[in-house]
>>> print(open('start_28.json').read())   # JSON, C-alpha atoms and all ligand atoms
[["chain", "number", "residue", "atom", "x", "y", "z"],
["A", 160, "MET", "CA", -14.70, -4.27, -17.61],
["A", 161, "ASP", "CA", -15.64, -4.77, -13.92],
["A", 162, "TYR", "CA", -13.82, -2.95, -11.14],
["A", 163, "VAL", "CA", -11.40, -4.92, -8.96],
["A", 164, "ASN", "CA", -12.20, -4.32, -5.29],
["A", 165, "ILE", "CA", -9.33, -4.44, -2.82],
["A", 166, "ALA", "CA", -10.08, -4.72, 0.92],
["A", 167, "LEU", "CA", -7.46, -3.05, 3.06],
["A", 168, "GLY", "CA", -7.17, -2.64, 6.84],
["A", 169, "LYS", "CA", -7.35, 0.97, 8.04],
["A", 170, "GLY", "CA", -4.23, 0.54, 10.20],
["A", 171, "ARG", "CA", -0.54, -0.19, 9.84],
["A", 172, "LEU", "CA", -0.56, -1.79, 6.38],
["A", 173, "ALA", "CA", -2.41, 1.01, 4.58],
["A", 174, "ASP", "CA", 0.38, 3.47, 3.71],
["A", 175, "LYS", "CA", 2.71, 0.78, 2.35],
["A", 176, "THR", "CA", -0.09, -0.71, 0.26],
["A", 177, "PHE", "CA", -0.90, 2.66, -1.32],
["A", 178, "GLU", "CA", 2.85, 3.13, -2.03],
["A", 179, "LEU", "CA", 3.01, -0.25, -3.73],
["A", 180, "LEU", "CA", -0.09, 0.51, -5.80],
["A", 181, "LYS", "CA", 1.42, 3.84, -6.82],
["A", 182, "GLU", "CA", 4.53, 2.00, -8.04],
["A", 183, "ILE", "CA", 2.38, -0.03, -10.42],
["A", 184, "ASP", "CA", 0.67, 3.17, -11.58],
["A", 185, "VAL", "CA", -2.59, 2.59, -9.67],
["A", 186, "LYS", "CA", -2.83, 5.99, -7.99],
["A", 187, "PHE", "CA", -5.36, 7.42, -5.56],
["A", 188, "GLU", "CA", -4.73, 11.17, -5.40],
["A", 189, "ASP", "CA", -7.27, 11.67, -2.59],
["A", 190, "TYR", "CA", -5.49, 9.28, -0.18],
["A", 191, "TYR", "CA", -3.24, 10.67, 2.52],
["A", 192, "PRO", "CA", -2.01, 9.00, 5.73],
["A", 193, "LYS", "CA", -4.63, 9.28, 8.50],
["A", 194, "SER", "CA", -7.37, 9.94, 5.91],
["A", 195, "ARG", "CA", -10.86, 9.03, 7.21],
["A", 196, "LYS", "CA", -12.35, 8.26, 3.80],
["A", 197, "LEU", "CA", -13.41, 4.60, 3.45],
["A", 198, "ILE", "CA", -13.50, 4.16, -0.31],
["A", 199, "PHE", "CA", -11.04, 5.22, -2.99],
["A", 200, "VAL", "CA", -11.61, 4.77, -6.72],
["A", 201, "ASN", "CA", -9.25, 4.81, -9.68],
["A", 202, "ASN", "CA", -11.56, 4.99, -12.69],
["A", 203, "LYS", "CA", -8.76, 4.73, -15.25],
["A", 204, "LYS", "CA", -7.40, 1.45, -13.85],
["A", 205, "LYS", "CA", -10.82, 0.30, -12.62],
["A", 206, "VAL", "CA", -9.57, -0.42, -9.10],
["A", 207, "ARG", "CA", -11.46, 0.36, -5.90],
["A", 208, "ILE", "CA", -9.99, 0.30, -2.39],
["A", 209, "ILE", "CA", -12.36, -0.36, 0.48],
["A", 210, "PHE", "CA", -11.04, 0.48, 3.93],
["A", 211, "VAL", "CA", -12.21, -1.99, 6.58],
["A", 212, "LYS", "CA", -11.18, -3.11, 10.05],
["A", 213, "SER", "CA", -8.03, -5.23, 9.64],
["A", 214, "SER", "CA", -9.59, -8.34, 11.13],
["A", 215, "ASP", "CA", -12.51, -8.10, 8.67],
["A", 216, "VAL", "CA", -10.33, -8.19, 5.52],
["A", 217, "PRO", "CA", -10.42, -12.04, 5.19],
["A", 218, "ILE", "CA", -14.22, -12.06, 5.62],
["A", 219, "TYR", "CA", -14.75, -9.48, 2.85],
["A", 220, "VAL", "CA", -12.54, -11.53, 0.51],
["A", 221, "GLU", "CA", -13.99, -14.93, 1.43],
["A", 222, "GLN", "CA", -17.53, -13.62, 0.85],
["A", 223, "GLY", "CA", -16.60, -11.99, -2.47],
["A", 224, "ALA", "CA", -17.41, -8.44, -1.27],
["A", 225, "ALA", "CA", -13.77, -7.77, -2.20],
["A", 226, "ASP", "CA", -11.77, -9.59, -4.90],
["A", 227, "ILE", "CA", -8.39, -8.98, -3.30],
["A", 228, "GLY", "CA", -7.33, -8.38, 0.31],
["A", 229, "ILE", "CA", -4.15, -7.09, 1.91],
["A", 230, "VAL", "CA", -3.81, -8.57, 5.37],
["A", 231, "GLY", "CA", -1.26, -9.60, 7.99],
["A", 232, "LYS", "CA", -0.45, -13.32, 8.12],
["A", 233, "ASP", "CA", -1.46, -13.19, 11.82],
["A", 234, "THR", "CA", -4.99, -12.05, 10.97],
["A", 235, "LEU", "CA", -5.20, -14.48, 8.05],
["A", 236, "LEU", "CA", -4.22, -17.47, 10.23],
["A", 237, "GLU", "CA", -6.69, -16.48, 12.92],
["A", 238, "SER", "CA", -9.53, -16.06, 10.40],
["A", 239, "GLU", "CA", -9.08, -19.52, 8.83],
["A", 240, "ALA", "CA", -10.75, -17.94, 5.76],
["A", 241, "ASN", "CA", -11.25, -19.98, 2.61],
["A", 242, "VAL", "CA", -9.27, -17.77, 0.20],
["A", 243, "TYR", "CA", -6.17, -18.05, -1.98],
["A", 244, "GLU", "CA", -3.04, -16.73, -0.27],
["A", 245, "ILE", "CA", -1.09, -15.53, -3.29],
["A", 246, "MET", "CA", 2.01, -13.71, -2.14],
["A", 247, "ASP", "CA", 4.12, -12.32, 0.67],
["A", 248, "LEU", "CA", 4.29, -8.54, 0.17],
["A", 249, "GLY", "CA", 7.47, -8.20, 2.23],
["A", 250, "PHE", "CA", 6.29, -5.44, 4.58],
["A", 251, "GLY", "CA", 4.49, -5.40, 7.95],
["A", 252, "LYS", "CA", 7.13, -7.78, 9.27],
["A", 253, "CYS", "CA", 6.84, -9.05, 12.84],
["A", 254, "LYS", "CA", 6.57, -12.45, 14.53],
["A", 255, "PHE", "CA", 4.16, -14.48, 16.62],
["A", 256, "ALA", "CA", 5.59, -15.29, 20.03],
["A", 257, "VAL", "CA", 4.77, -16.58, 23.47],
["A", 258, "ALA", "CA", 5.94, -14.18, 26.19],
["A", 259, "ALA", "CA", 5.98, -14.34, 29.97],
["A", 260, "PRO", "CA", 7.22, -12.39, 32.99],
["A", 261, "LYS", "CA", 11.00, -12.89, 33.35],
["A", 262, "ASP", "CA", 10.77, -15.21, 36.36],
["A", 263, "PHE", "CA", 7.61, -17.14, 35.40],
["A", 264, "GLN", "CA", 7.42, -20.86, 36.25],
["A", 265, "LEU", "CA", 4.25, -22.93, 35.85],
["A", 266, "GLU", "CA", 3.11, -24.82, 38.95],
["A", 267, "LEU", "CA", 2.64, -28.56, 38.44],
["A", 268, "HIS", "CA", -0.83, -29.94, 37.57],
["A", 269, "ARG", "CA", -2.24, -26.64, 36.36],
["A", 270, "LYS", "CA", -3.21, -25.57, 32.84],
["A", 271, "LEU", "CA", -1.22, -22.71, 31.37],
["A", 272, "LYS", "CA", -3.39, -19.56, 31.13],
["A", 273, "VAL", "CA", -2.81, -17.80, 27.79],
["A", 274, "ALA", "CA", -4.10, -14.28, 27.12],
["A", 275, "THR", "CA", -4.30, -13.37, 23.43],
["A", 276, "LYS", "CA", -6.08, -11.60, 20.58],
["A", 277, "TYR", "CA", -5.45, -14.82, 18.59],
["A", 278, "PRO", "CA", -7.29, -17.75, 20.27],
["A", 279, "LYS", "CA", -7.20, -20.09, 17.24],
["A", 280, "VAL", "CA", -3.51, -19.56, 16.52],
["A", 281, "SER", "CA", -2.72, -20.07, 20.21],
["A", 282, "ARG", "CA", -4.85, -23.20, 20.56],
["A", 283, "ASN", "CA", -3.33, -24.76, 17.41],
["A", 284, "TYR", "CA", 0.19, -24.01, 18.58],
["A", 285, "PHE", "CA", -0.19, -25.51, 22.07],
["A", 286, "ASN", "CA", -2.36, -28.42, 20.81],
["A", 287, "ASN", "CA", 0.42, -29.41, 18.40],
["A", 288, "LYS", "CA", 2.82, -29.46, 21.35],
["A", 289, "GLY", "CA", 0.32, -31.53, 23.38],
["A", 290, "GLU", "CA", 0.17, -28.82, 26.05],
["A", 291, "PRO", "CA", -3.24, -28.22, 27.65],
["A", 292, "ILE", "CA", -4.10, -24.52, 27.97],
["A", 293, "GLU", "CA", -6.86, -22.17, 29.00],
["A", 294, "ILE", "CA", -7.42, -19.24, 26.63],
["A", 295, "ILE", "CA", -8.35, -15.76, 27.78],
["A", 296, "LYS", "CA", -9.45, -13.80, 24.71],
["A", 297, "LEU", "CA", -8.60, -10.12, 24.84],
["A", 298, "ASN", "CA", -8.91, -7.37, 22.24],
["A", 299, "GLY", "CA", -5.76, -5.35, 22.99],
["A", 300, "SER", "CA", -3.15, -4.34, 25.57],
["A", 301, "VAL", "CA", -2.52, -8.06, 25.97],
["A", 302, "GLU", "CA", 0.84, -7.46, 27.71],
["A", 303, "LEU", "CA", -1.07, -6.32, 30.80],
["A", 304, "ALA", "CA", -2.60, -9.75, 31.45],
["A", 305, "PRO", "CA", 0.39, -11.56, 33.05],
["A", 306, "ILE", "CA", 1.40, -8.43, 34.96],
["A", 307, "ILE", "CA", -1.93, -8.15, 36.75],
["A", 308, "GLY", "CA", -2.40, -11.92, 37.15],
["A", 309, "LEU", "CA", -5.10, -12.43, 34.50],
["A", 310, "SER", "CA", -2.91, -14.98, 32.67],
["A", 311, "ASP", "CA", 0.45, -16.74, 32.93],
["A", 312, "VAL", "CA", 1.68, -15.91, 29.43],
["A", 313, "ILE", "CA", 0.56, -14.13, 26.26],
["A", 314, "VAL", "CA", 0.59, -15.02, 22.59],
["A", 315, "ASP", "CA", 0.99, -11.88, 20.51],
["A", 316, "ILE", "CA", 2.86, -10.32, 17.64],
["A", 317, "VAL", "CA", 6.21, -8.74, 18.39],
["A", 318, "GLU", "CA", 7.86, -6.22, 16.12],
["A", 319, "THR", "CA", 10.59, -4.24, 17.89],
["A", 320, "GLY", "CA", 10.07, -5.91, 21.30],
["A", 321, "LYS", "CA", 9.58, -2.50, 22.92],
["A", 322, "THR", "CA", 6.11, -3.27, 24.33],
["A", 323, "LEU", "CA", 7.33, -6.52, 25.92],
["A", 324, "LYS", "CA", 10.44, -4.87, 27.35],
["A", 325, "GLU", "CA", 8.61, -1.91, 28.84],
["A", 326, "ASN", "CA", 6.21, -4.29, 30.56],
["A", 327, "GLY", "CA", 8.81, -6.68, 31.94],
["A", 328, "LEU", "CA", 8.01, -9.60, 29.63],
["A", 329, "VAL", "CA", 10.39, -11.79, 27.65],
["A", 330, "ILE", "CA", 9.87, -14.07, 24.65],
["A", 331, "THR", "CA", 9.81, -17.70, 25.75],
["A", 332, "GLU", "CA", 8.88, -19.28, 22.39],
["A", 333, "GLU", "CA", 8.80, -18.03, 18.80],
["A", 334, "ILE", "CA", 5.84, -19.37, 16.85],
["A", 335, "CYS", "CA", 6.29, -18.08, 13.27],
["A", 336, "GLN", "CA", 7.14, -15.06, 11.15],
["A", 337, "VAL", "CA", 4.39, -12.65, 10.09],
["A", 338, "SER", "CA", 4.15, -10.22, 7.17],
["A", 339, "ALA", "CA", 1.53, -8.70, 4.87],
["A", 340, "ARG", "CA", -0.09, -11.09, 2.41],
["A", 341, "LEU", "CA", -2.11, -10.65, -0.77],
["A", 342, "ILE", "CA", -5.22, -12.84, -0.71],
["A", 343, "VAL", "CA", -7.77, -13.43, -3.46],
["A", 344, "ASN", "CA", -11.38, -14.59, -3.56],
["A", 345, "LYS", "CA", -11.58, -18.03, -5.20],
["A", 346, "VAL", "CA", -14.29, -17.10, -7.71],
["A", 347, "SER", "CA", -12.78, -13.71, -8.60],
["A", 348, "PHE", "CA", -9.48, -15.47, -9.32],
["A", 349, "LYS", "CA", -11.25, -17.05, -12.31],
["A", 350, "THR", "CA", -13.77, -14.38, -13.29],
["A", 351, "LYS", "CA", -11.41, -11.39, -12.99],
["A", 352, "SER", "CA", -8.27, -13.37, -13.76],
["A", 353, "GLU", "CA", -6.68, -10.93, -16.23],
["A", 354, "LYS", "CA", -6.94, -7.83, -14.04],
["A", 355, "ILE", "CA", -5.94, -9.69, -10.84],
["A", 356, "HIS", "CA", -2.89, -11.24, -12.52],
["A", 357, "GLU", "CA", -1.86, -7.82, -13.81],
["A", 358, "ILE", "CA", -1.82, -6.52, -10.21],
["A", 359, "ILE", "CA", 0.03, -9.61, -8.92],
["A", 360, "ARG", "CA", 2.68, -9.37, -11.65],
["A", 361, "GLY", "CA", 3.10, -5.65, -10.95],
["A", 362, "PHE", "CA", 3.55, -6.24, -7.22],
["A", 363, "GLN", "CA", 6.02, -9.10, -7.83],
["A", 364, "CYS", "CA", 8.08, -6.90, -10.11],
["A", 365, "CYS", "CA", 8.13, -4.00, -7.58],
["A", 366, "ILE", "CA", 9.06, -6.27, -4.69],
["A", 367, "ARG", "CA", 11.95, -7.77, -6.66],
["A", 368, "LYS", "CA", 13.12, -4.27, -7.65],
["A", 369, "ASN", "CA", 12.90, -2.99, -4.06],
["A", 370, "GLU", "CA", 14.76, -6.03, -2.71],
["A", 371, "LYS", "CA", 17.56, -5.50, -5.25],
["A", 372, "LYS", "CA", 17.78, -1.81, -4.26],
["A", 373, "LYS", "CA", 18.01, -2.80, -0.57],
["A", 374, "ILE", "CA", 20.78, -5.32, -1.24],
["A", 375, "LEU", "CA", 22.73, -2.77, -3.31],
["A", 376, "SER", "CA", 22.36, -0.05, -0.66],
["A", 377, "THR", "CA", 23.44, -2.32, 2.23],
["A", 378, "GLY", "CA", 26.30, -3.68, 0.09],
["A", 379, "SER", "CA", 27.62, -0.20, -0.60],
["A", 380, "ASN", "CA", 27.66, 0.78, 3.10],
["B", 1, "LIG", "N1", 4.12, -3.70, 15.77],
["B", 1, "LIG", "C1", 3.07, -4.21, 15.17],
["B", 1, "LIG", "N2", 1.94, -4.31, 15.83],
["B", 1, "LIG", "C2", 0.82, -4.75, 15.24],
["B", 1, "LIG", "N3", 0.75, -5.20, 13.99],
["B", 1, "LIG", "C3", 1.85, -5.14, 13.28],
["B", 1, "LIG", "C4", 3.05, -4.65, 13.82],
["B", 1, "LIG", "N4", 3.94, -4.70, 12.86],
["B", 1, "LIG", "C5", 3.33, -5.21, 11.80],
["B", 1, "LIG", "N5", 2.04, -5.49, 12.04],
["B", 1, "LIG", "C6", 1.06, -6.06, 11.09],
["B", 1, "LIG", "O1", 0.08, -5.05, 10.76],
["B", 1, "LIG", "C7", -1.23, -5.65, 10.72],
["B", 1, "LIG", "C8", -2.28, -4.57, 10.95],
["B", 1, "LIG", "O2", -2.11, -4.05, 12.23],
["B", 1, "LIG", "P1", -3.13, -2.96, 12.80],
["B", 1, "LIG", "O3", -2.60, -2.54, 14.12],
["B", 1, "LIG", "O4", -3.35, -1.96, 11.75],
["B", 1, "LIG", "O5", -4.48, -3.77, 12.92],
["B", 1, "LIG", "P2", -5.02, -4.60, 14.13],
["B", 1, "LIG", "O6", -3.90, -5.21, 14.90],
["B", 1, "LIG", "O7", -6.05, -5.55, 13.58],
["B", 1, "LIG", "O8", -5.65, -3.45, 14.99],
["B", 1, "LIG", "P3", -7.12, -2.93, 15.15],
["B", 1, "LIG", "O9", -7.80, -3.98, 15.98],
["B", 1, "LIG", "O10", -6.89, -1.65, 15.87],
["B", 1, "LIG", "O11", -7.73, -2.75, 13.79],
["B", 1, "LIG", "C9", -1.17, -6.73, 11.77],
["B", 1, "LIG", "O12", -2.15, -7.71, 11.53],
["B", 1, "LIG", "C10", 0.25, -7.28, 11.60],
["B", 1, "LIG", "O13", 0.26, -8.24, 10.58],
["B", 2, "LIG", "O1", 7.15, -5.23, 19.46],
["B", 2, "LIG", "P1", 6.52, -3.87, 19.34],
["B", 2, "LIG", "O2", 7.16, -3.03, 18.31],
["B", 2, "LIG", "O3", 6.40, -3.19, 20.67],
["B", 2, "LIG", "O4", 5.01, -4.09, 18.76],
["B", 2, "LIG", "C1", 4.15, -5.05, 19.27],
["B", 2, "LIG", "C2", 2.91, -4.47, 19.85],
["B", 2, "LIG", "O5", 2.12, -3.83, 18.83],
["B", 2, "LIG", "C3", 0.82, -4.43, 18.79],
["B", 2, "LIG", "O6", -0.08, -3.73, 19.56],
["B", 2, "LIG", "P2", -0.92, -2.50, 19.04],
["B", 2, "LIG", "O7", -0.07, -1.30, 18.97],
["B", 2, "LIG", "O8", -1.62, -2.90, 17.76],
["B", 2, "LIG", "O9", -1.96, -2.31, 20.21],
["B", 2, "LIG", "P3", -3.01, -3.30, 20.86],
["B", 2, "LIG", "O10", -2.44, -3.61, 22.21],
["B", 2, "LIG", "O11", -4.24, -2.50, 20.94],
["B", 2, "LIG", "O12", -3.15, -4.53, 20.01],
["B", 2, "LIG", "C4", 1.04, -5.82, 19.38],
["B", 2, "LIG", "O13", -0.18, -6.37, 19.86],
["B", 2, "LIG", "C5", 2.05, -5.56, 20.46],
["B", 2, "LIG", "O14", 1.45, -5.10, 21.65]]
>>> encode(input="start_28.json", output="structure tokens")
Amino acid sequence: MDYVNIALGKGRLADKTFELLKEIDVKFEDYYPKSRKLIFVNNKKKVRIIFVKSSDVPIYVEQGAADIGIVGKDTLLESEANVYEIMDLGFGKCKFAVAAPKDFQLELHRKLKVATKYPKVSRNYFNNKGEPIEIIKLNGSVELAPIIGLSDVIVDIVETGKTLKENGLVITEEICQVSARLIVNKVSFKTKSEKIHEIIRGFQCCIRKNEKKKILSTGSN
């Protein structure tokens, strides 16, 4: 039987994904947090993990270089990749938001300047509201832009809100919730159906179990 290849971002979602795989008995003994290895193989279960840049995960899956991908909904939306989005994995939770300096007010007859790592998500959001904008595409430290006058506002993901707070920004609009998603290549979904469904069923079962545990532990507090 063929191997199932899973594309996984090297960053924040990696540890939780390996934990989830371990729970369904797909173990990679040579993985440890902060490992620099880019490929992990479980020969017994015939599963391979390929470690890529987070924003490349949808491309690997769309092109069939990976059968499955684990990716944040933010990155998935921005990629507009032609893949199946199968399930919400329930971790990597944050939200998409518009944020601005506390006292910001847009002058009349001027387009709003939006700095972001997510130009497509931003454009879609403001287009749907009928608000004309100018996008300034950045690759990180987006919170700096309104402080130093590069933009009026930012569109970014917010988890704890610490980065916004420490840079004097506040959320002005919430766009949508974000979490890790399991995506599948459309051809692999047919050709490797059995193995892929086994992984999906395993993940669903673990997530249900973990949610029950969480409810029980908060209930008993
Ligand atoms: N506080 C957070 N900051 C960034 N991403 C978060 C946060 N909390 C959850 N996530 C999720 O984790 C995913 C992966 O984030 P990570 O920082 O590893 O990659 P990235 O943002 O693409 O960074 P890089 O460009 O350095 O690879 C994000 O796409 C998002 O869905
Ligand atoms: O609400 P918080 O918990 O503060 O998290 C949100 C921050 O984390 C992410 O940045 P990241 O650390 O990936 O750095 P980046 O600026 O290079 O994107 C995101 O872009 C925000 O800046």
>>> residues_around(input="start_28.json", residues="A:Lys203", least_positions_apart="2", cutoff="10 Å", atoms="only C-alpha atoms", output="compact mmCIF listing (two decimals) with C-alpha atoms, in the coordinates of the input")
# COMPACT_ATOMS: atom_id res chain seq x y z
CA VAL A 185 -2.59 2.59 -9.67
CA LYS A 186 -2.83 5.99 -7.99
CA VAL A 200 -11.61 4.77 -6.72
CA ASN A 201 -9.25 4.81 -9.68
CA LYS A 205 -10.82 0.30 -12.62
CA VAL A 206 -9.57 -0.42 -9.10
>>> residues_near_ligand(input="start_28.json", ligand="ligand LIG 1 (chain B)", cutoff="9 Å", atoms="all atoms listed in the file", output="PDB file with C-alpha atoms, keeping the file's coordinate frame")
ATOM      1  CA  GLY A 168      -7.170  -2.640   6.840  1.00  0.00           C
ATOM      2  CA  LYS A 169      -7.350   0.970   8.040  1.00  0.00           C
ATOM      3  CA  GLY A 170      -4.230   0.540  10.200  1.00  0.00           C
ATOM      4  CA  ARG A 171      -0.540  -0.190   9.840  1.00  0.00           C
ATOM      5  CA  LEU A 172      -0.560  -1.790   6.380  1.00  0.00           C
ATOM      6  CA  ALA A 173      -2.410   1.010   4.580  1.00  0.00           C
ATOM      7  CA  VAL A 211     -12.210  -1.990   6.580  1.00  0.00           C
ATOM      8  CA  LYS A 212     -11.180  -3.110  10.050  1.00  0.00           C
ATOM      9  CA  SER A 213      -8.030  -5.230   9.640  1.00  0.00           C
ATOM     10  CA  SER A 214      -9.590  -8.340  11.130  1.00  0.00           C
ATOM     11  CA  ASP A 215     -12.510  -8.100   8.670  1.00  0.00           C
ATOM     12  CA  VAL A 230      -3.810  -8.570   5.370  1.00  0.00           C
ATOM     13  CA  GLY A 231      -1.260  -9.600   7.990  1.00  0.00           C
ATOM     14  CA  LYS A 232      -0.450 -13.320   8.120  1.00  0.00           C
ATOM     15  CA  ASP A 233      -1.460 -13.190  11.820  1.00  0.00           C
ATOM     16  CA  THR A 234      -4.990 -12.050  10.970  1.00  0.00           C
ATOM     17  CA  LEU A 235      -5.200 -14.480   8.050  1.00  0.00           C
ATOM     18  CA  PHE A 250       6.290  -5.440   4.580  1.00  0.00           C
ATOM     19  CA  GLY A 251       4.490  -5.400   7.950  1.00  0.00           C
ATOM     20  CA  LYS A 252       7.130  -7.780   9.270  1.00  0.00           C
ATOM     21  CA  CYS A 253       6.840  -9.050  12.840  1.00  0.00           C
ATOM     22  CA  LYS A 254       6.570 -12.450  14.530  1.00  0.00           C
ATOM     23  CA  LYS A 276      -6.080 -11.600  20.580  1.00  0.00           C
ATOM     24  CA  ASN A 298      -8.910  -7.370  22.240  1.00  0.00           C
ATOM     25  CA  GLY A 299      -5.760  -5.350  22.990  1.00  0.00           C
ATOM     26  CA  ASP A 315       0.990 -11.880  20.510  1.00  0.00           C
ATOM     27  CA  ILE A 316       2.860 -10.320  17.640  1.00  0.00           C
ATOM     28  CA  VAL A 317       6.210  -8.740  18.390  1.00  0.00           C
ATOM     29  CA  GLU A 318       7.860  -6.220  16.120  1.00  0.00           C
ATOM     30  CA  THR A 319      10.590  -4.240  17.890  1.00  0.00           C
ATOM     31  CA  GLY A 320      10.070  -5.910  21.300  1.00  0.00           C
ATOM     32  CA  THR A 322       6.110  -3.270  24.330  1.00  0.00           C
ATOM     33  CA  VAL A 337       4.390 -12.650  10.090  1.00  0.00           C
ATOM     34  CA  SER A 338       4.150 -10.220   7.170  1.00  0.00           C
ATOM     35  CA  ALA A 339       1.530  -8.700   4.870  1.00  0.00           C
ATOM     36  CA  ARG A 340      -0.090 -11.090   2.410  1.00  0.00           C
TER      37      ARG A 340
END
>>> residues_around(input="start_28.json", residues="A:Asn241", least_positions_apart="4", cutoff="10 Å", atoms="only C-alpha atoms", output="number ranges by chain")
A: 217-218, 220-222, 235, 342-345
>>> atom_distance(input="start_28.json", atom1="atom C4 of ligand LIG 2 (chain B)", atom2="atom CA of A:Ile165")
24.5 Å
>>> atom_distance(input="start_28.json", atom1="atom CA of A:Val163", atom2="atom CA of A:Gly228")
10.7 Å
>>> residues_around(input="start_28.json", residues="A:Arg195", least_positions_apart="2", cutoff="12 Å", atoms="all atoms listed in the file", output="PDB file with C-alpha atoms, keeping the file's coordinate frame")
ATOM      1  CA  LYS A 169      -7.350   0.970   8.040  1.00  0.00           C
ATOM      2  CA  GLY A 170      -4.230   0.540  10.200  1.00  0.00           C
ATOM      3  CA  ALA A 173      -2.410   1.010   4.580  1.00  0.00           C
ATOM      4  CA  ASP A 189      -7.270  11.670  -2.590  1.00  0.00           C
ATOM      5  CA  TYR A 190      -5.490   9.280  -0.180  1.00  0.00           C
ATOM      6  CA  TYR A 191      -3.240  10.670   2.520  1.00  0.00           C
ATOM      7  CA  PRO A 192      -2.010   9.000   5.730  1.00  0.00           C
ATOM      8  CA  LYS A 193      -4.630   9.280   8.500  1.00  0.00           C
ATOM      9  CA  LEU A 197     -13.410   4.600   3.450  1.00  0.00           C
ATOM     10  CA  ILE A 198     -13.500   4.160  -0.310  1.00  0.00           C
ATOM     11  CA  PHE A 199     -11.040   5.220  -2.990  1.00  0.00           C
ATOM     12  CA  ILE A 209     -12.360  -0.360   0.480  1.00  0.00           C
ATOM     13  CA  PHE A 210     -11.040   0.480   3.930  1.00  0.00           C
ATOM     14  CA  VAL A 211     -12.210  -1.990   6.580  1.00  0.00           C
TER      15      VAL A 211
END
>>> closest_residue(input="start_28.json", among="A:Lys324, A:Leu248, A:Asp262, A:Ala274", to="A:Leu179", atoms="all atoms listed in the file")
A:Leu248
>>> closest_residue(input="start_28.json", among="A:Asp184, A:Glu357, A:Glu266, A:Glu293", to="A:Lys279", atoms="only C-alpha atoms")
A:Glu293
>>> atom_distance(input="start_28.json", atom1="atom CA of A:Glu370", atom2="atom CA of A:Glu182")
14.1 Å
>>> axis_aligned_box(input="start_28.json", around="stretch 165-182 of chain A", padding_each_side="8 Å", output="lines of an AutoDock Vina configuration file")
center_x = -2.8
center_y = -0.4
center_z = 1.1
size_x = 30.6
size_y = 24.6
size_z = 34.2
>>> closest_residue(input="start_28.json", among="A:Phe177, A:Val314, A:Arg269, A:Cys365", to="A:Glu290", atoms="all atoms listed in the file")
A:Arg269
>>> residues_near_point(input="start_28.json", point="(-6.5, -19.2, 16.3)", cutoff="8 Å", atoms="only C-alpha atoms", output="ChimeraX atom specification")
/A:236-239,277-283
>>> residues_around(input="start_28.json", residues="A:Ile306", least_positions_apart="5", cutoff="12 Å", atoms="all atoms listed in the file", output="PyMOL selection string")
chain A and resi 258-263+274+300-301+311-313+323+325-328
>>> write_last_selection(input="start_28.json", atoms="C-alpha atoms", output="compact mmCIF listing (two decimals), in the frame of the given file")
# COMPACT_ATOMS: atom_id res chain seq x y z
CA ALA A 258 5.94 -14.18 26.19
CA ALA A 259 5.98 -14.34 29.97
CA PRO A 260 7.22 -12.39 32.99
CA LYS A 261 11.00 -12.89 33.35
CA ASP A 262 10.77 -15.21 36.36
CA PHE A 263 7.61 -17.14 35.40
CA ALA A 274 -4.10 -14.28 27.12
CA SER A 300 -3.15 -4.34 25.57
CA VAL A 301 -2.52 -8.06 25.97
CA ASP A 311 0.45 -16.74 32.93
CA VAL A 312 1.68 -15.91 29.43
CA ILE A 313 0.56 -14.13 26.26
CA LEU A 323 7.33 -6.52 25.92
CA GLU A 325 8.61 -1.91 28.84
CA ASN A 326 6.21 -4.29 30.56
CA GLY A 327 8.81 -6.68 31.94
CA LEU A 328 8.01 -9.60 29.63
>>> closest_residue(input="start_28.json", among="A:Met246, A:Val257, A:Val216, A:Ala240", to="A:Ile334", atoms="all atoms listed in the file")
A:Val257
>>> closest_residue(input="start_28.json", among="A:Asn202, A:Thr275, A:Ser352, A:Asn369", to="ligand LIG 2 (chain B)", atoms="only C-alpha atoms and all ligand atoms")
A:Thr275
>>> closest_residue(input="start_28.json", among="A:Leu265, A:Cys364, A:Ile245, A:Ile292", to="A:Leu180", atoms="all atoms listed in the file")
A:Cys364
